[in-house]
Each structure stands twice: as C-alpha cells, then as structure tokens.
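Data block for target_31.pdb (PDB, N, CA and C atoms and all ligand atoms):
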```pdb
MODEL        1
ATOM      1  N   MET A  26      61.357 101.506  72.680
ATOM      2  CA  MET A  26      62.213 101.515  71.480
ATOM      3  C   MET A  26      61.619 102.442  70.413
ATOM      4  N   GLU A  27      62.486 103.214  69.791
ATOM      5  CA  GLU A  27      62.012 104.108  68.737
ATOM      6  C   GLU A  27      62.096 103.443  67.375
ATOM      7  N   HIS A  28      61.082 103.609  66.603
ATOM      8  CA  HIS A  28      61.082 103.080  65.245
ATOM      9  C   HIS A  28      61.128 104.242  64.267
ATOM     10  N   GLY A  29      62.328 104.627  63.920
ATOM     11  CA  GLY A  29      62.488 105.766  63.031
ATOM     12  C   GLY A  29      62.272 105.391  61.585
ATOM     13  N   VAL A  30      62.395 106.371  60.726
ATOM     14  CA  VAL A  30      62.265 106.133  59.295
ATOM     15  C   VAL A  30      63.403 105.226  58.834
ATOM     16  N   GLY A  31      63.067 104.220  58.059
ATOM     17  CA  GLY A  31      64.103 103.335  57.549
ATOM     18  C   GLY A  31      64.312 102.102  58.412
ATOM     19  N   THR A  32      63.572 102.009  59.518
ATOM     20  CA  THR A  32      63.684 100.816  60.359
ATOM     21  C   THR A  32      63.247  99.586  59.571
ATOM     22  N   THR A  33      64.053  98.545  59.654
ATOM     23  CA  THR A  33      63.768  97.319  58.924
ATOM     24  C   THR A  33      62.998  96.338  59.801
ATOM     25  N   PHE A  34      61.927  95.774  59.253
ATOM     26  CA  PHE A  34      61.216  94.700  59.938
ATOM     27  C   PHE A  34      61.236  93.458  59.063
ATOM     28  N   HIS A  35      61.566  92.334  59.667
ATOM     29  CA  HIS A  35      61.556  91.092  58.908
ATOM     30  C   HIS A  35      60.190  90.433  59.016
ATOM     31  N   MET A  36      59.855  89.692  57.972
ATOM     32  CA  MET A  36      58.561  89.031  57.930
ATOM     33  C   MET A  36      58.539  87.840  58.881
ATOM     34  N   CYS A  37      57.381  87.632  59.511
ATOM     35  CA  CYS A  37      57.210  86.424  60.300
ATOM     36  C   CYS A  37      55.769  85.958  60.136
ATOM     37  N   ALA A  38      55.521  84.713  60.485
ATOM     38  CA  ALA A  38      54.192  84.135  60.331
ATOM     39  C   ALA A  38      53.597  83.839  61.696
ATOM     40  N   ASN A  39      52.335  84.196  61.864
ATOM     41  CA  ASN A  39      51.607  83.867  63.075
ATOM     42  C   ASN A  39      51.195  82.399  63.001
ATOM     43  N   LEU A  40      51.630  81.602  63.973
ATOM     44  CA  LEU A  40      51.415  80.153  63.917
ATOM     45  C   LEU A  40      49.944  79.777  63.915
ATOM     46  N   GLU A  41      49.176  80.442  64.756
ATOM     47  CA  GLU A  41      47.748  80.127  64.848
ATOM     48  C   GLU A  41      47.048  80.408  63.529
ATOM     49  N   GLY A  42      47.349  81.554  62.958
ATOM     50  CA  GLY A  42      46.744  81.925  61.681
ATOM     51  C   GLY A  42      47.195  81.019  60.561
ATOM     52  N   LEU A  43      48.466  80.659  60.604
ATOM     53  CA  LEU A  43      49.025  79.789  59.581
ATOM     54  C   LEU A  43      48.368  78.411  59.651
ATOM     55  N   HIS A  44      48.204  77.908  60.863
ATOM     56  CA  HIS A  44      47.553  76.610  61.070
ATOM     57  C   HIS A  44      46.145  76.626  60.489
ATOM     58  N   ARG A  45      45.404  77.693  60.787
ATOM     59  CA  ARG A  45      44.031  77.814  60.310
ATOM     60  C   ARG A  45      43.994  77.907  58.780
ATOM     61  N   ASN A  46      44.889  78.714  58.244
ATOM     62  CA  ASN A  46      44.890  78.913  56.792
ATOM     63  C   ASN A  46      45.250  77.639  56.038
ATOM     64  N   ILE A  47      46.168  76.864  56.595
ATOM     65  CA  ILE A  47      46.532  75.601  55.941
ATOM     66  C   ILE A  47      45.374  74.615  56.058
ATOM     67  N   GLN A  48      44.745  74.610  57.225
ATOM     68  CA  GLN A  48      43.601  73.726  57.438
ATOM     69  C   GLN A  48      42.457  74.063  56.478
ATOM     70  N   GLN A  49      42.238  75.365  56.290
ATOM     71  CA  GLN A  49      41.156  75.809  55.399
ATOM     72  C   GLN A  49      41.628  75.914  53.959
ATOM     73  N   ARG A  50      42.869  75.551  53.750
ATOM     74  CA  ARG A  50      43.469  75.517  52.412
ATOM     75  C   ARG A  50      43.501  76.883  51.747
ATOM     76  N   THR A  51      43.554  77.944  52.556
ATOM     77  CA  THR A  51      43.750  79.274  51.978
ATOM     78  C   THR A  51      45.245  79.587  51.919
ATOM     79  N   ALA A  52      46.047  78.713  52.527
ATOM     80  CA  ALA A  52      47.497  78.824  52.409
ATOM     81  C   ALA A  52      48.044  77.452  52.066
ATOM     82  N   SER A  53      49.105  77.428  51.312
ATOM     83  CA  SER A  53      49.713  76.151  50.952
ATOM     84  C   SER A  53      50.509  75.601  52.122
ATOM     85  N   TRP A  54      50.376  74.308  52.368
ATOM     86  CA  TRP A  54      51.164  73.681  53.439
ATOM     87  C   TRP A  54      52.640  73.725  53.105
ATOM     88  N   ARG A  55      52.951  73.989  51.842
ATOM     89  CA  ARG A  55      54.364  73.995  51.427
ATOM     90  C   ARG A  55      55.136  75.171  52.004
ATOM     91  N   VAL A  56      54.434  76.124  52.639
ATOM     92  CA  VAL A  56      55.164  77.207  53.301
ATOM     93  C   VAL A  56      55.933  76.663  54.501
ATOM     94  N   VAL A  57      55.494  75.497  55.019
ATOM     95  CA  VAL A  57      56.254  74.825  56.085
ATOM     96  C   VAL A  57      57.331  73.996  55.400
ATOM     97  N   THR A  58      58.531  74.535  55.430
ATOM     98  CA  THR A  58      59.616  74.011  54.598
ATOM     99  C   THR A  58      59.873  72.519  54.792
ATOM    100  N   ASP A  59      59.803  72.042  56.029
ATOM    101  CA  ASP A  59      60.170  70.662  56.312
ATOM    102  C   ASP A  59      59.011  69.684  56.154
ATOM    103  N   ALA A  60      57.838  70.185  55.847
ATOM    104  CA  ALA A  60      56.660  69.319  55.805
ATOM    105  C   ALA A  60      56.639  68.431  54.565
ATOM    106  N   LYS A  61      56.152  67.198  54.760
ATOM    107  CA  LYS A  61      56.034  66.272  53.648
ATOM    108  C   LYS A  61      54.639  66.307  53.038
ATOM    109  N   ASN A  62      53.674  66.694  53.837
ATOM    110  CA  ASN A  62      52.299  66.809  53.353
ATOM    111  C   ASN A  62      51.516  67.738  54.287
ATOM    112  N   ARG A  63      50.224  67.966  53.978
ATOM    113  CA  ARG A  63      49.433  68.922  54.746
ATOM    114  C   ARG A  63      49.348  68.531  56.233
ATOM    115  N   GLN A  64      49.075  67.260  56.490
ATOM    116  CA  GLN A  64      48.947  66.803  57.869
ATOM    117  C   GLN A  64      50.249  67.014  58.637
ATOM    118  N   HIS A  65      51.339  66.697  57.975
ATOM    119  CA  HIS A  65      52.658  66.863  58.580
ATOM    120  C   HIS A  65      52.924  68.340  58.882
ATOM    121  N   ALA A  66      52.520  69.206  57.964
ATOM    122  CA  ALA A  66      52.710  70.646  58.157
ATOM    123  C   ALA A  66      51.954  71.122  59.400
ATOM    124  N   LEU A  67      50.715  70.642  59.554
ATOM    125  CA  LEU A  67      49.909  71.032  60.715
ATOM    126  C   LEU A  67      50.544  70.512  61.999
ATOM    127  N   GLU A  68      51.104  69.314  61.947
ATOM    128  CA  GLU A  68      51.777  68.750  63.119
ATOM    129  C   GLU A  68      52.988  69.588  63.508
ATOM    130  N   ILE A  69      53.757  70.012  62.524
ATOM    131  CA  ILE A  69      54.933  70.832  62.790
ATOM    132  C   ILE A  69      54.522  72.150  63.450
ATOM    133  N   ILE A  70      53.461  72.764  62.925
ATOM    134  CA  ILE A  70      52.996  74.039  63.473
ATOM    135  C   ILE A  70      52.499  73.856  64.908
ATOM    136  N   ARG A  71      51.750  72.774  65.149
ATOM    137  CA  ARG A  71      51.260  72.517  66.509
ATOM    138  C   ARG A  71      52.427  72.292  67.464
ATOM    139  N   ALA A  72      53.465  71.588  66.994
ATOM    140  CA  ALA A  72      54.643  71.339  67.828
ATOM    141  C   ALA A  72      55.315  72.658  68.197
ATOM    142  N   GLU A  73      55.364  73.593  67.249
ATOM    143  CA  GLU A  73      55.956  74.907  67.521
ATOM    144  C   GLU A  73      55.141  75.645  68.575
ATOM    145  N   MET A  74      53.815  75.561  68.465
ATOM    146  CA  MET A  74      52.947  76.251  69.416
ATOM    147  C   MET A  74      53.088  75.638  70.807
ATOM    148  N   MET A  75      53.332  74.311  70.856
ATOM    149  CA  MET A  75      53.523  73.625  72.139
ATOM    150  C   MET A  75      54.753  74.143  72.858
ATOM    151  N   LYS A  76      55.718  74.660  72.097
ATOM    152  CA  LYS A  76      56.927  75.224  72.694
ATOM    153  C   LYS A  76      56.672  76.617  73.246
ATOM    154  N   GLY A  77      55.456  77.097  73.070
ATOM    155  CA  GLY A  77      55.129  78.426  73.564
ATOM    156  C   GLY A  77      55.365  79.506  72.538
ATOM    157  N   ARG A  78      55.635  79.073  71.317
ATOM    158  CA  ARG A  78      55.893  80.045  70.259
ATOM    159  C   ARG A  78      54.594  80.520  69.630
ATOM    160  N   ARG A  79      54.568  81.771  69.238
ATOM    161  CA  ARG A  79      53.381  82.335  68.595
ATOM    162  C   ARG A  79      53.652  82.706  67.150
ATOM    163  N   VAL A  80      54.885  83.046  66.868
ATOM    164  CA  VAL A  80      55.258  83.405  65.500
ATOM    165  C   VAL A  80      56.561  82.701  65.137
ATOM    166  N   VAL A  81      56.772  82.505  63.860
ATOM    167  CA  VAL A  81      58.049  81.964  63.382
ATOM    168  C   VAL A  81      58.559  82.883  62.281
ATOM    169  N   PRO A  82      59.883  82.996  62.174
ATOM    170  CA  PRO A  82      60.423  83.861  61.129
ATOM    171  C   PRO A  82      60.233  83.237  59.751
ATOM    172  N   LEU A  83      60.004  84.048  58.756
ATOM    173  CA  LEU A  83      60.019  83.573  57.375
ATOM    174  C   LEU A  83      61.447  83.767  56.893
ATOM    175  N   GLY A  84      62.143  82.680  56.767
ATOM    176  CA  GLY A  84      63.575  82.775  56.507
ATOM    177  C   GLY A  84      64.308  82.645  57.825
ATOM    178  N   ASP A  85      65.534  83.117  57.856
ATOM    179  CA  ASP A  85      66.334  82.976  59.064
ATOM    180  C   ASP A  85      65.876  83.964  60.127
ATOM    181  N   ALA A  86      65.937  83.519  61.380
ATOM    182  CA  ALA A  86      65.624  84.414  62.483
ATOM    183  C   ALA A  86      66.699  85.494  62.556
ATOM    184  N   CYS A  87      66.271  86.728  62.703
ATOM    185  CA  CYS A  87      67.232  87.824  62.734
ATOM    186  C   CYS A  87      67.660  88.109  64.166
ATOM    187  N   GLU A  88      68.590  89.022  64.313
ATOM    188  CA  GLU A  88      69.091  89.365  65.640
ATOM    189  C   GLU A  88      67.964  89.942  66.494
ATOM    190  N   GLY A  89      67.758  89.342  67.660
ATOM    191  CA  GLY A  89      66.739  89.845  68.570
ATOM    192  C   GLY A  89      65.341  89.339  68.268
ATOM    193  N   PHE A  90      65.233  88.395  67.322
ATOM    194  CA  PHE A  90      63.919  87.889  66.955
ATOM    195  C   PHE A  90      63.241  87.240  68.151
ATOM    196  N   SER A  91      61.952  87.547  68.325
ATOM    197  CA  SER A  91      61.184  86.961  69.409
ATOM    198  C   SER A  91      60.136  86.018  68.846
ATOM    199  N   TYR A  92      60.052  84.819  69.410
ATOM    200  CA  TYR A  92      59.045  83.865  68.949
ATOM    201  C   TYR A  92      57.663  84.184  69.508
ATOM    202  N   GLU A  93      57.576  85.284  70.254
ATOM    203  CA  GLU A  93      56.278  85.739  70.729
ATOM    204  C   GLU A  93      55.799  86.950  69.950
ATOM    205  N   THR A  94      56.707  87.866  69.668
ATOM    206  CA  THR A  94      56.284  89.116  69.033
ATOM    207  C   THR A  94      56.929  89.355  67.674
ATOM    208  N   GLY A  95      57.849  88.474  67.269
ATOM    209  CA  GLY A  95      58.461  88.620  65.953
ATOM    210  C   GLY A  95      59.662  89.535  65.951
ATOM    211  N   CYS A  96      59.931  90.088  64.787
ATOM    212  CA  CYS A  96      61.106  90.932  64.603
ATOM    213  C   CYS A  96      60.994  92.205  65.433
ATOM    214  N   PRO A  97      62.048  92.549  66.177
ATOM    215  CA  PRO A  97      62.016  93.744  67.010
ATOM    216  C   PRO A  97      62.173  95.034  66.207
ATOM    217  N   GLY A  98      62.592  94.912  64.951
ATOM    218  CA  GLY A  98      62.863  96.103  64.147
ATOM    219  C   GLY A  98      64.323  96.464  64.259
ATOM    220  N   HIS A  99      64.891  96.852  63.147
ATOM    221  CA  HIS A  99      66.311  97.172  63.132
ATOM    222  C   HIS A  99      66.507  98.593  62.620
ATOM    223  N   PRO A 100      67.250  99.390  63.366
ATOM    224  CA  PRO A 100      67.496 100.769  62.906
ATOM    225  C   PRO A 100      68.295 100.746  61.613
ATOM    226  N   PRO A 101      68.100 101.753  60.772
ATOM    227  CA  PRO A 101      68.842 101.786  59.518
ATOM    228  C   PRO A 101      70.341 101.849  59.769
ATOM    229  N   ALA A 102      71.078 101.157  58.935
ATOM    230  CA  ALA A 102      72.540 101.179  59.073
ATOM    231  C   ALA A 102      73.037 102.583  58.755
ATOM    232  N   THR A 103      74.004 103.024  59.503
ATOM    233  CA  THR A 103      74.513 104.379  59.295
ATOM    234  C   THR A 103      75.686 104.385  58.316
ATOM    235  N   THR A 104      76.255 103.191  58.091
ATOM    236  CA  THR A 104      77.450 103.135  57.251
ATOM    237  C   THR A 104      77.107 102.947  55.780
ATOM    238  N   THR A 105      75.926 102.354  55.505
ATOM    239  CA  THR A 105      75.555 102.133  54.113
ATOM    240  C   THR A 105      74.254 102.855  53.790
ATOM    241  N   THR A 106      74.077 103.173  52.540
ATOM    242  CA  THR A 106      72.847 103.799  52.097
ATOM    243  C   THR A 106      72.033 102.786  51.315
ATOM    244  N   GLU A 107      70.869 102.447  51.839
ATOM    245  CA  GLU A 107      70.038 101.469  51.162
ATOM    246  C   GLU A 107      68.793 102.132  50.590
ATOM    247  N   ALA A 108      68.440 101.729  49.400
ATOM    248  CA  ALA A 108      67.205 102.221  48.797
ATOM    249  C   ALA A 108      66.024 101.563  49.507
ATOM    250  N   THR A 109      65.004 102.334  49.807
ATOM    251  CA  THR A 109      63.848 101.777  50.502
ATOM    252  C   THR A 109      62.657 101.659  49.575
TER     253      THR A 109
HETATM  254 ZN    ZN B 201      64.487  91.528  62.031
ENDMDL
END
```

Show me this structure written as structure tokens.
Ligand SMILES: [Zn+2]
Amino acid sequence: MEHGVGTTFHMCANLEGLHRNIQQRTASWRVVTDAKNRQHALEIIRAEMMKGRRVVPLGDACEGFSYETGCPGHPPATTTTEAT
C-alpha cells in the first residue's frame, strides 16, 4: 500500500503499553472510557488482549481498522480539500 502525502492515520493505543502506563500511573485509567476505577481499567485492557487484540482505536474504529496493527491509513479525499 502506498502512503502518499495527505494520507490520514487515526490514533490508536497499544494495549500492552497502555496497561503498563496505567499500572505505573503515567497514564490515567480514565482513558478507558468504560472503566469505573484503575483496577477495572486494567481488567478491561487484559480482556481486550485475551481476544488477541494488540491495539484499540482512540474513538471510533475507522474503515479497515486492524486490532493488530491499527489504522491502515486513508488516502486523501479527491472531492474535498482539507487543510493539513
Ligand atoms: Zn483510520
């Protein structure tokens, strides 16, 4: 796949890194939207990893999103002009 100028990539979080950061309190557990507390957040992340997932989208999963490698990248739209 070619990644030309203007290709859009959506943000995603690495589950392993996120788990570690929440555990070490370098990241807020509140980034896990459904979590009620830190322990719950870690449980949710571990459950995601048990499904074989490595990354999760920040926000809605986009078209072609992979739970292993994240956003595939989206070519710039040809019909609209977006400021980058
Ligand atoms: Zn995307």

So what do you get for atom C of Gln49 of chain A versus atom C of Arg71 of chain A, distance-wise?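 Rounded to one decimal, the two atoms are 17.7 Å apart.
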
Residue list (alpha helix (DSSP H), DSSP) for chain A, as a ChimeraX atom specification: /A:40-48,63-75

Selection to disk with N, CA and C atoms, as a PDB file, in the coordinates of the input:
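Result went into result12.pdb, see below:
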```pdb
ATOM      1  N   LEU A  40      51.630  81.602  63.973  1.00  0.00           N
ATOM      2  CA  LEU A  40      51.415  80.153  63.917  1.00  0.00           C
ATOM      3  C   LEU A  40      49.944  79.777  63.915  1.00  0.00           C
ATOM      4  N   GLU A  41      49.176  80.442  64.756  1.00  0.00           N
ATOM      5  CA  GLU A  41      47.748  80.127  64.848  1.00  0.00           C
ATOM      6  C   GLU A  41      47.048  80.408  63.529  1.00  0.00           C
ATOM      7  N   GLY A  42      47.349  81.554  62.958  1.00  0.00           N
ATOM      8  CA  GLY A  42      46.744  81.925  61.681  1.00  0.00           C
ATOM      9  C   GLY A  42      47.195  81.019  60.561  1.00  0.00           C
ATOM     10  N   LEU A  43      48.466  80.659  60.604  1.00  0.00           N
ATOM     11  CA  LEU A  43      49.025  79.789  59.581  1.00  0.00           C
ATOM     12  C   LEU A  43      48.368  78.411  59.651  1.00  0.00           C
ATOM     13  N   HIS A  44      48.204  77.908  60.863  1.00  0.00           N
ATOM     14  CA  HIS A  44      47.553  76.610  61.070  1.00  0.00           C
ATOM     15  C   HIS A  44      46.145  76.626  60.489  1.00  0.00           C
ATOM     16  N   ARG A  45      45.404  77.693  60.787  1.00  0.00           N
ATOM     17  CA  ARG A  45      44.031  77.814  60.310  1.00  0.00           C
ATOM     18  C   ARG A  45      43.994  77.907  58.780  1.00  0.00           C
ATOM     19  N   ASN A  46      44.889  78.714  58.244  1.00  0.00           N
ATOM     20  CA  ASN A  46      44.890  78.913  56.792  1.00  0.00           C
ATOM     21  C   ASN A  46      45.250  77.639  56.038  1.00  0.00           C
ATOM     22  N   ILE A  47      46.168  76.864  56.595  1.00  0.00           N
ATOM     23  CA  ILE A  47      46.532  75.601  55.941  1.00  0.00           C
ATOM     24  C   ILE A  47      45.374  74.615  56.058  1.00  0.00           C
ATOM     25  N   GLN A  48      44.745  74.610  57.225  1.00  0.00           N
ATOM     26  CA  GLN A  48      43.601  73.726  57.438  1.00  0.00           C
ATOM     27  C   GLN A  48      42.457  74.063  56.478  1.00  0.00           C
ATOM     28  N   ARG A  63      50.224  67.966  53.978  1.00  0.00           N
ATOM     29  CA  ARG A  63      49.433  68.922  54.746  1.00  0.00           C
ATOM     30  C   ARG A  63      49.348  68.531  56.233  1.00  0.00           C
ATOM     31  N   GLN A  64      49.075  67.260  56.490  1.00  0.00           N
ATOM     32  CA  GLN A  64      48.947  66.803  57.869  1.00  0.00           C
ATOM     33  C   GLN A  64      50.249  67.014  58.637  1.00  0.00           C
ATOM     34  N   HIS A  65      51.339  66.697  57.975  1.00  0.00           N
ATOM     35  CA  HIS A  65      52.658  66.863  58.580  1.00  0.00           C
ATOM     36  C   HIS A  65      52.924  68.340  58.882  1.00  0.00           C
ATOM     37  N   ALA A  66      52.520  69.206  57.964  1.00  0.00           N
ATOM     38  CA  ALA A  66      52.710  70.646  58.157  1.00  0.00           C
ATOM     39  C   ALA A  66      51.954  71.122  59.400  1.00  0.00           C
ATOM     40  N   LEU A  67      50.715  70.642  59.554  1.00  0.00           N
ATOM     41  CA  LEU A  67      49.909  71.032  60.715  1.00  0.00           C
ATOM     42  C   LEU A  67      50.544  70.512  61.999  1.00  0.00           C
ATOM     43  N   GLU A  68      51.104  69.314  61.947  1.00  0.00           N
ATOM     44  CA  GLU A  68      51.777  68.750  63.119  1.00  0.00           C
ATOM     45  C   GLU A  68      52.988  69.588  63.508  1.00  0.00           C
ATOM     46  N   ILE A  69      53.757  70.012  62.524  1.00  0.00           N
ATOM     47  CA  ILE A  69      54.933  70.832  62.790  1.00  0.00           C
ATOM     48  C   ILE A  69      54.522  72.150  63.450  1.00  0.00           C
ATOM     49  N   ILE A  70      53.461  72.764  62.925  1.00  0.00           N
ATOM     50  CA  ILE A  70      52.996  74.039  63.473  1.00  0.00           C
ATOM     51  C   ILE A  70      52.499  73.856  64.908  1.00  0.00           C
ATOM     52  N   ARG A  71      51.750  72.774  65.149  1.00  0.00           N
ATOM     53  CA  ARG A  71      51.260  72.517  66.509  1.00  0.00           C
ATOM     54  C   ARG A  71      52.427  72.292  67.464  1.00  0.00           C
ATOM     55  N   ALA A  72      53.465  71.588  66.994  1.00  0.00           N
ATOM     56  CA  ALA A  72      54.643  71.339  67.828  1.00  0.00           C
ATOM     57  C   ALA A  72      55.315  72.658  68.197  1.00  0.00           C
ATOM     58  N   GLU A  73      55.364  73.593  67.249  1.00  0.00           N
ATOM     59  CA  GLU A  73      55.956  74.907  67.521  1.00  0.00           C
ATOM     60  C   GLU A  73      55.141  75.645  68.575  1.00  0.00           C
ATOM     61  N   MET A  74      53.815  75.561  68.465  1.00  0.00           N
ATOM     62  CA  MET A  74      52.947  76.251  69.416  1.00  0.00           C
ATOM     63  C   MET A  74      53.088  75.638  70.807  1.00  0.00           C
ATOM     64  N   MET A  75      53.332  74.311  70.856  1.00  0.00           N
ATOM     65  CA  MET A  75      53.523  73.625  72.139  1.00  0.00           C
ATOM     66  C   MET A  75      54.753  74.143  72.858  1.00  0.00           C
TER      67      MET A  75
END
```

Selection in question (the file shown): the PyMOL selection byres (((not hetatm) and name CA) within 8 of (chain B and resi 201)). Which residues does it include, as a list in words? Thr33, Phe34, His35, Met36, Ala86, Cys87, Glu88, Gly89, Phe90, Gly95, Cys96, Pro97, Gly98 and His99 of chain A

Selected residue, from A:Asn39, A:Ser53, A:Asn46, A:Gln64, that lies nearest to Ser91 of chain A when counting only C-alpha atoms: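 Among the listed residues, A:Asn39 lies closest to Ser91 of chain A.
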
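Minimum distance to Leu83 of chain A across A:Ala38, A:Asn62, A:Ile69, A:Gly31 (counting only C-alpha atoms) occurs at A:Ala38.
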
Of A:Val80, A:Ala52, A:Leu43, A:Val57, the one nearest to Glu93 of chain A when counting only C-alpha atoms is A:Val80

Go through A:Val81, A:Ala72, A:Ala66, A:Val56 one by one, measure the shortest atom-to-atom distance of each to Cys37 of chain A using only C-alpha atoms, and give the residue with the smallest value.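 Smallest separation from Cys37 of chain A among the options: A:Val81.
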
Figure out the distance between atom C of Glu68 of chain A and atom N of Arg50 of chain A, please, to one decimal in Å.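 Distance between the two atoms: 15.3 Å.
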
Please measure the separation of atom CA of Glu41 of chain A and atom CA of Gly77 of chain A, giving the value in Å to one decimal.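 Going from atom CA of Glu41 of chain A over to atom CA of Gly77 of chain A, I get 11.5 Å.
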